[in-house]
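Trainee: What follows is the file data-v8.cif, containing mmCIF, C-alpha atoms:
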```cif
data_upload
#
loop_
_atom_site.label_atom_id
_atom_site.label_comp_id
_atom_site.auth_asym_id
_atom_site.auth_seq_id
_atom_site.Cartn_x
_atom_site.Cartn_y
_atom_site.Cartn_z
CA MET A 1 7.98 -29.94 22.73
CA GLY A 2 11.44 -28.42 22.62
CA SER A 3 13.94 -29.04 19.84
CA PHE A 4 16.38 -31.90 20.22
CA ASP A 5 19.52 -30.81 22.09
CA LEU A 6 22.28 -32.68 20.22
CA SER A 7 25.03 -31.03 22.25
CA GLY A 8 23.43 -31.98 25.55
CA ALA A 9 22.77 -35.51 24.32
CA LEU A 10 26.41 -36.04 23.31
CA ARG A 11 27.65 -34.68 26.63
CA ARG A 12 25.22 -37.01 28.46
CA ILE A 13 26.47 -39.95 26.42
CA ARG A 14 30.12 -39.13 27.20
CA ARG A 15 29.40 -38.67 30.89
CA THR A 16 27.46 -41.95 31.09
CA ALA A 17 30.17 -43.85 29.17
CA ASP A 18 33.02 -41.98 30.93
CA LEU A 19 34.73 -41.18 27.62
CA SER A 20 36.55 -38.17 26.21
CA GLN A 21 35.54 -36.70 22.88
CA ARG A 22 38.45 -38.44 21.19
CA GLU A 23 37.57 -41.80 22.78
CA LEU A 24 33.88 -41.57 21.86
CA ALA A 25 34.72 -40.48 18.31
CA ALA A 26 37.00 -43.51 17.90
CA ALA A 27 34.26 -45.81 19.23
CA CYS A 28 31.76 -44.36 16.74
CA GLY A 29 34.09 -44.35 13.74
CA VAL A 30 34.13 -40.57 13.21
CA SER A 31 36.78 -37.91 13.59
CA ALA A 32 37.27 -36.17 16.91
CA SER A 33 36.79 -32.80 15.19
CA ALA A 34 33.37 -33.86 13.82
CA LEU A 35 32.23 -34.88 17.29
CA ALA A 36 33.67 -31.70 18.85
CA LYS A 37 31.85 -29.47 16.30
CA ALA A 38 28.56 -31.30 16.93
CA GLU A 39 28.96 -30.91 20.68
CA ALA A 40 29.75 -27.21 20.20
CA ARG A 41 26.57 -26.76 18.11
CA ARG A 42 28.58 -25.87 14.99
CA ARG A 43 27.35 -28.80 12.88
CA GLY A 44 24.97 -31.72 12.98
CA LEU A 45 25.65 -35.43 13.26
CA PRO A 46 24.20 -38.29 11.16
CA VAL A 47 21.58 -40.23 13.08
CA ASP A 48 23.43 -43.54 12.59
CA VAL A 49 26.50 -42.02 14.27
CA LEU A 50 24.37 -40.74 17.15
CA GLU A 51 22.81 -44.19 17.44
CA ARG A 52 26.25 -45.80 17.70
CA ALA A 53 27.32 -43.21 20.27
CA ALA A 54 24.24 -43.90 22.42
CA ALA A 55 24.86 -47.65 22.22
CA VAL A 56 28.40 -47.14 23.56
CA ALA A 57 26.81 -45.71 26.72
CA GLY A 58 24.15 -48.43 26.88
CA LEU A 59 21.47 -46.02 25.64
CA ARG A 60 19.23 -45.99 22.57
CA LEU A 61 17.37 -43.47 20.44
CA ALA A 62 13.56 -43.31 20.55
CA LEU A 63 10.59 -41.37 19.15
CA LEU A 64 8.39 -39.67 21.77
CA ASP A 65 4.95 -38.13 21.34
CA ALA A 66 3.78 -34.87 22.92
CA ALA A 67 3.04 -36.70 26.19
CA GLY A 68 6.52 -38.21 26.32
CA THR A 69 5.32 -41.71 25.44
CA GLU A 70 7.61 -43.74 23.22
CA VAL A 71 6.27 -44.36 19.71
CA ALA A 72 7.47 -47.46 17.86
CA GLY A 73 8.65 -47.23 14.28
CA MET A 74 6.59 -48.86 11.53
CA ALA A 75 6.95 -52.65 11.38
CA ASP A 76 9.32 -54.11 8.81
CA GLY A 77 7.31 -57.30 8.19
CA THR A 78 4.20 -55.62 6.75
CA VAL A 79 2.91 -56.26 3.23
CA ARG A 80 4.96 -55.05 0.25
CA ASP A 81 4.42 -54.41 -3.43
CA ARG A 82 5.35 -56.80 -6.23
CA ALA A 83 8.92 -55.46 -6.26
CA GLY A 84 9.33 -56.15 -2.53
CA ARG A 85 9.20 -52.48 -1.57
CA HIS A 86 7.34 -50.95 1.37
CA PHE A 87 4.15 -49.11 0.43
CA PRO A 88 4.00 -45.33 1.03
CA ALA A 89 4.07 -44.90 4.80
CA HIS A 90 1.39 -42.18 4.87
CA LEU A 91 -1.17 -44.26 2.94
CA ASP A 92 -3.18 -47.31 4.05
CA THR A 93 -2.77 -50.76 2.50
CA ARG A 94 -5.54 -53.19 1.60
CA HIS A 95 -6.15 -56.30 -0.49
CA GLY A 96 -5.66 -55.76 -4.21
CA ASP A 97 -8.95 -57.36 -5.26
CA ASP A 98 -10.93 -55.00 -3.04
CA ASP A 99 -12.07 -52.19 -5.38
CA TRP A 100 -9.05 -52.42 -7.71
CA TRP A 101 -8.40 -48.88 -8.98
CA HIS A 102 -5.99 -49.30 -11.93
CA GLY A 103 -7.87 -47.03 -14.37
CA PRO A 104 -9.99 -48.14 -17.33
CA GLU A 105 -7.55 -50.96 -18.12
CA ARG A 106 -7.96 -52.56 -14.70
CA TYR A 107 -10.15 -55.31 -16.15
CA SER A 108 -7.29 -56.46 -18.39
CA ARG A 109 -4.69 -56.32 -15.64
CA ARG A 110 -4.34 -58.84 -12.87
CA PRO A 111 -4.79 -57.06 -9.54
CA PRO A 112 -1.87 -57.27 -7.10
CA THR A 113 -2.15 -59.15 -3.84
CA TYR A 114 -1.92 -55.85 -1.91
CA THR A 115 -2.39 -52.22 -2.90
CA PHE A 116 -3.29 -48.82 -1.43
CA ASP A 117 -5.60 -45.88 -2.13
CA ARG A 118 -3.93 -42.98 -3.95
CA ASP A 119 -6.93 -40.71 -3.44
CA ARG A 120 -6.51 -39.17 0.01
CA ALA A 121 -10.17 -38.13 0.16
CA TYR A 122 -11.18 -41.78 -0.33
CA ARG A 123 -8.58 -42.86 2.22
CA ASP A 124 -9.75 -40.26 4.75
CA ALA A 125 -13.37 -41.40 4.36
CA GLY A 126 -12.27 -44.92 5.26
CA ARG A 127 -10.34 -43.63 8.25
CA ARG A 128 -13.36 -41.71 9.53
CA ALA A 129 -15.42 -44.87 9.32
CA ALA A 130 -12.93 -47.38 10.74
CA GLY A 131 -10.21 -45.32 12.43
CA ILE A 132 -6.58 -44.80 11.47
CA PRO A 133 -4.61 -48.07 11.25
CA ALA A 134 -1.53 -48.04 13.47
CA ASP A 135 0.52 -49.66 10.72
CA HIS A 136 0.29 -51.31 7.34
CA GLN A 137 -1.36 -54.74 7.41
CA LEU A 138 0.62 -57.92 8.00
CA PRO A 139 0.59 -60.69 5.37
CA LEU A 140 -1.64 -63.58 6.43
CA PRO A 141 -2.42 -67.06 5.08
CA GLY A 142 -5.30 -66.87 2.64
CA ASP A 143 -4.36 -63.42 1.30
CA GLY A 144 -3.73 -64.77 -2.20
CA LEU A 145 -6.18 -63.78 -4.95
CA GLU A 146 -7.30 -67.37 -5.60
CA ALA A 147 -7.78 -68.12 -1.90
CA ARG A 148 -9.81 -64.94 -1.37
CA ALA A 149 -11.98 -65.69 -4.42
CA ALA A 150 -12.63 -69.21 -3.13
CA ALA A 151 -13.53 -67.82 0.30
CA ARG A 152 -16.01 -65.39 -1.27
CA ARG A 153 -17.63 -68.21 -3.22
CA GLN A 154 -17.88 -70.30 -0.07
CA GLU A 155 -19.42 -67.43 1.88
CA ALA A 156 -21.93 -66.78 -0.91
CA TRP A 157 -22.89 -70.47 -0.95
CA GLN A 158 -23.33 -70.49 2.81
CA ARG A 159 -25.52 -67.36 2.67
CA GLN A 160 -27.60 -68.98 -0.05
CA GLN A 161 -28.03 -72.14 2.00
CA ALA A 162 -28.89 -70.13 5.13
CA GLU A 163 -31.52 -68.15 3.21
CA TRP A 164 -32.98 -71.33 1.74
CA GLU A 165 -33.21 -72.87 5.22
CA ARG A 166 -34.82 -69.71 6.61
CA ARG A 167 -37.44 -69.73 3.87
CA ARG A 168 -38.07 -73.46 4.36
CA ARG A 169 -38.63 -73.02 8.10
CA ALA A 170 -40.90 -70.03 7.44
CA GLY A 171 -43.01 -72.11 5.06
CA GLU A 172 -42.23 -69.83 2.11
CA LEU A 173 -41.23 -72.72 -0.14
CA GLY A 174 -44.43 -74.68 0.19
CA ASP A 175 -44.52 -78.43 0.61
CA LEU A 176 -41.27 -79.90 -0.67
CA PRO A 177 -40.94 -83.59 -1.42
CA GLU A 178 -38.79 -85.42 1.09
CA PHE A 179 -35.36 -86.07 -0.38
CA THR A 180 -33.72 -89.45 0.03
CA CYS A 181 -30.10 -89.93 -0.96
CA SER A 182 -29.75 -92.78 -3.44
CA CYS A 183 -25.96 -92.68 -3.77
CA PRO A 184 -24.48 -96.14 -4.34
CA THR A 185 -21.66 -97.57 -2.25
CA GLY A 186 -18.44 -95.87 -3.18
CA CYS A 187 -19.48 -92.23 -2.97
CA SER A 188 -17.38 -90.32 -0.44
CA ILE A 189 -18.64 -88.37 2.56
CA GLY A 190 -17.39 -85.09 1.12
CA PRO A 191 -14.49 -82.78 1.98
CA GLU A 192 -14.40 -81.30 5.45
CA THR A 193 -12.54 -78.20 4.31
CA GLY A 194 -12.31 -76.08 1.21
CA PRO A 195 -14.94 -74.36 -0.90
CA VAL A 196 -18.03 -76.28 -1.94
CA THR A 197 -18.36 -76.12 -5.74
CA ARG A 198 -20.05 -78.20 -8.42
CA ALA A 199 -16.67 -79.70 -9.27
CA SER A 200 -15.93 -80.63 -5.65
CA ILE A 201 -19.35 -82.29 -5.33
CA ASP A 202 -18.85 -84.25 -8.56
CA GLU A 203 -15.52 -85.58 -7.29
CA GLU A 204 -17.30 -87.17 -4.31
CA HIS A 205 -19.41 -89.52 -6.47
CA VAL A 206 -18.63 -92.64 -8.41
CA PRO A 207 -19.09 -92.24 -12.20
CA ASP A 208 -22.38 -94.18 -12.35
CA CYS A 209 -24.05 -92.29 -9.46
CA ALA A 210 -27.41 -90.86 -10.59
CA CYS A 211 -28.08 -88.95 -7.37
CA ARG A 212 -24.97 -86.71 -7.17
CA CYS A 213 -26.23 -84.98 -4.05
CA ASP A 214 -24.03 -82.76 -1.87
CA LEU A 215 -22.57 -85.29 0.56
CA GLY A 216 -20.57 -82.62 2.41
#
```
As structure tokens, how would this structure be written, given the file I've shared?
Mentor:
Amino acid sequence: MGSFDLSGALRRIRRTADLSQRELAAACGVSASALAKAEARRRGLPVDVLERAAAVAGLRLALLDAAGTEVAGMADGTVRDRAGRHFPAHLDTRHGDDDWWHGPERYSRRPPTYTFDRDRAYRDAGRRAAGIPADHQLPLPGDGLEARAAARRQEAWQRQQAEWERRRRAGELGDLPEFTCSCPTGCSIGPETGPVTRASIDEEHVPDCACRCDLG
């Protein structure tokens, strides 16, 4: 790919907008001499000025790859650190509770909601396995540390129940006595959403219930 021709671009902008150097300079908020020097290849021009100049002619600036295809800039709404700053653009973001790396003291520090891998070798290994992400991840509902912990507990419980059912069907548990729920009137039918825990099960039963089975 050839180098960017600033002089040619400015002349194209003036021809498209039908403006003199002085008129385009006034529209962009710069001096006529600054624009003239840039067009004569004697100095550069700040990109924000060039962007304003292109807009005057109904044009816009863009990034192109080697094939001439336009490449979008990185999204502004991706995850950020605790101070509200973008993460390093060349690194890949992930959830903070996924292999939290904050040195020996990491167990005494609360992990952040989002983080990144500082070790490029570790990052590159992940890229070889899963590909290079096009951008940093977008924040999604359920990304909070508590919500993710609850989801992991729920998934573990479901795996445990699935394994128990598999073993029961395979006859690995032997003859089990048939269970009959003896909950008295007043016990609820159980929550339809949310993690299943001992506390959530207890909340479904009246205080004098001796059964306390999982109604959900």
Trainee: Using all atoms listed in the file, which residues sit within 12 Å of stretch 127-144 of chain A once same-chain residues fewer than 5 positions away are excluded, as an MDAnalysis selection string?
Mentor: chainID A and resid 71:81 86:98 111:117 120:122 149:152 194
Trainee: Could you save the residues just selected, with C-alpha atoms, as a short mmCIF file (atom, residue, chain, number, x, y, z; two decimals), in the frame of the given file?
Mentor:
```
data_model
loop_
_atom_site.label_atom_id
_atom_site.label_comp_id
_atom_site.auth_asym_id
_atom_site.auth_seq_id
_atom_site.Cartn_x
_atom_site.Cartn_y
_atom_site.Cartn_z
CA VAL A 71 6.27 -44.36 19.71
CA ALA A 72 7.47 -47.46 17.86
CA GLY A 73 8.65 -47.23 14.28
CA MET A 74 6.59 -48.86 11.53
CA ALA A 75 6.95 -52.65 11.38
CA ASP A 76 9.32 -54.11 8.81
CA GLY A 77 7.31 -57.30 8.19
CA THR A 78 4.20 -55.62 6.75
CA VAL A 79 2.91 -56.26 3.23
CA ARG A 80 4.96 -55.05 0.25
CA ASP A 81 4.42 -54.41 -3.43
CA HIS A 86 7.34 -50.95 1.37
CA PHE A 87 4.15 -49.11 0.43
CA PRO A 88 4.00 -45.33 1.03
CA ALA A 89 4.07 -44.90 4.80
CA HIS A 90 1.39 -42.18 4.87
CA LEU A 91 -1.17 -44.26 2.94
CA ASP A 92 -3.18 -47.31 4.05
CA THR A 93 -2.77 -50.76 2.50
CA ARG A 94 -5.54 -53.19 1.60
CA HIS A 95 -6.15 -56.30 -0.49
CA GLY A 96 -5.66 -55.76 -4.21
CA ASP A 97 -8.95 -57.36 -5.26
CA ASP A 98 -10.93 -55.00 -3.04
CA PRO A 111 -4.79 -57.06 -9.54
CA PRO A 112 -1.87 -57.27 -7.10
CA THR A 113 -2.15 -59.15 -3.84
CA TYR A 114 -1.92 -55.85 -1.91
CA THR A 115 -2.39 -52.22 -2.90
CA PHE A 116 -3.29 -48.82 -1.43
CA ASP A 117 -5.60 -45.88 -2.13
CA ARG A 120 -6.51 -39.17 0.01
CA ALA A 121 -10.17 -38.13 0.16
CA TYR A 122 -11.18 -41.78 -0.33
CA ALA A 149 -11.98 -65.69 -4.42
CA ALA A 150 -12.63 -69.21 -3.13
CA ALA A 151 -13.53 -67.82 0.30
CA ARG A 152 -16.01 -65.39 -1.27
CA GLY A 194 -12.31 -76.08 1.21
#
```
Trainee: Name the residues captured by the PyMOL selection byres ((chain A and resi 23-30) around 7) when it is applied to the shown file; answer as a list in words.
Mentor: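 Expected selection for the PyMOL selection byres ((chain A and resi 23-30) around 7) here is Arg14, Leu19, Ser20, Gln21, Arg22, Ser31, Ala32, Ala34, Leu35, Val49, Arg52 and Ala53 of chain A.
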Trainee: How many Å separate atom CA of A:Leu59 from atom CA of A:Ala36?
Mentor: 20.0 Å
Trainee: For each of A:Ala54, A:Val47, A:Ala156, A:Val206, take the minimum atom-to-atom distance to A:Leu10, counting all atoms listed in the file, then give the residue where this is smallest.
Mentor: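 Using all atoms listed in the file, the shortest distance to A:Leu10 belongs to A:Ala54.
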Trainee: Please, what distance in Å, to one decimal, runs between atom CA of A:Leu6 and atom CA of A:Ala38?
Mentor: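 Interatomic distance, atom CA of A:Leu6 to atom CA of A:Ala38: 7.2 Å.
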Trainee: Just to confirm, what's the straight-line distance from atom CA of A:Asp5 to atom CA of A:Lys37 in Å (one decimal)?
Mentor: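 Atom CA of A:Lys37 lies 13.7 Å from atom CA of A:Asp5.
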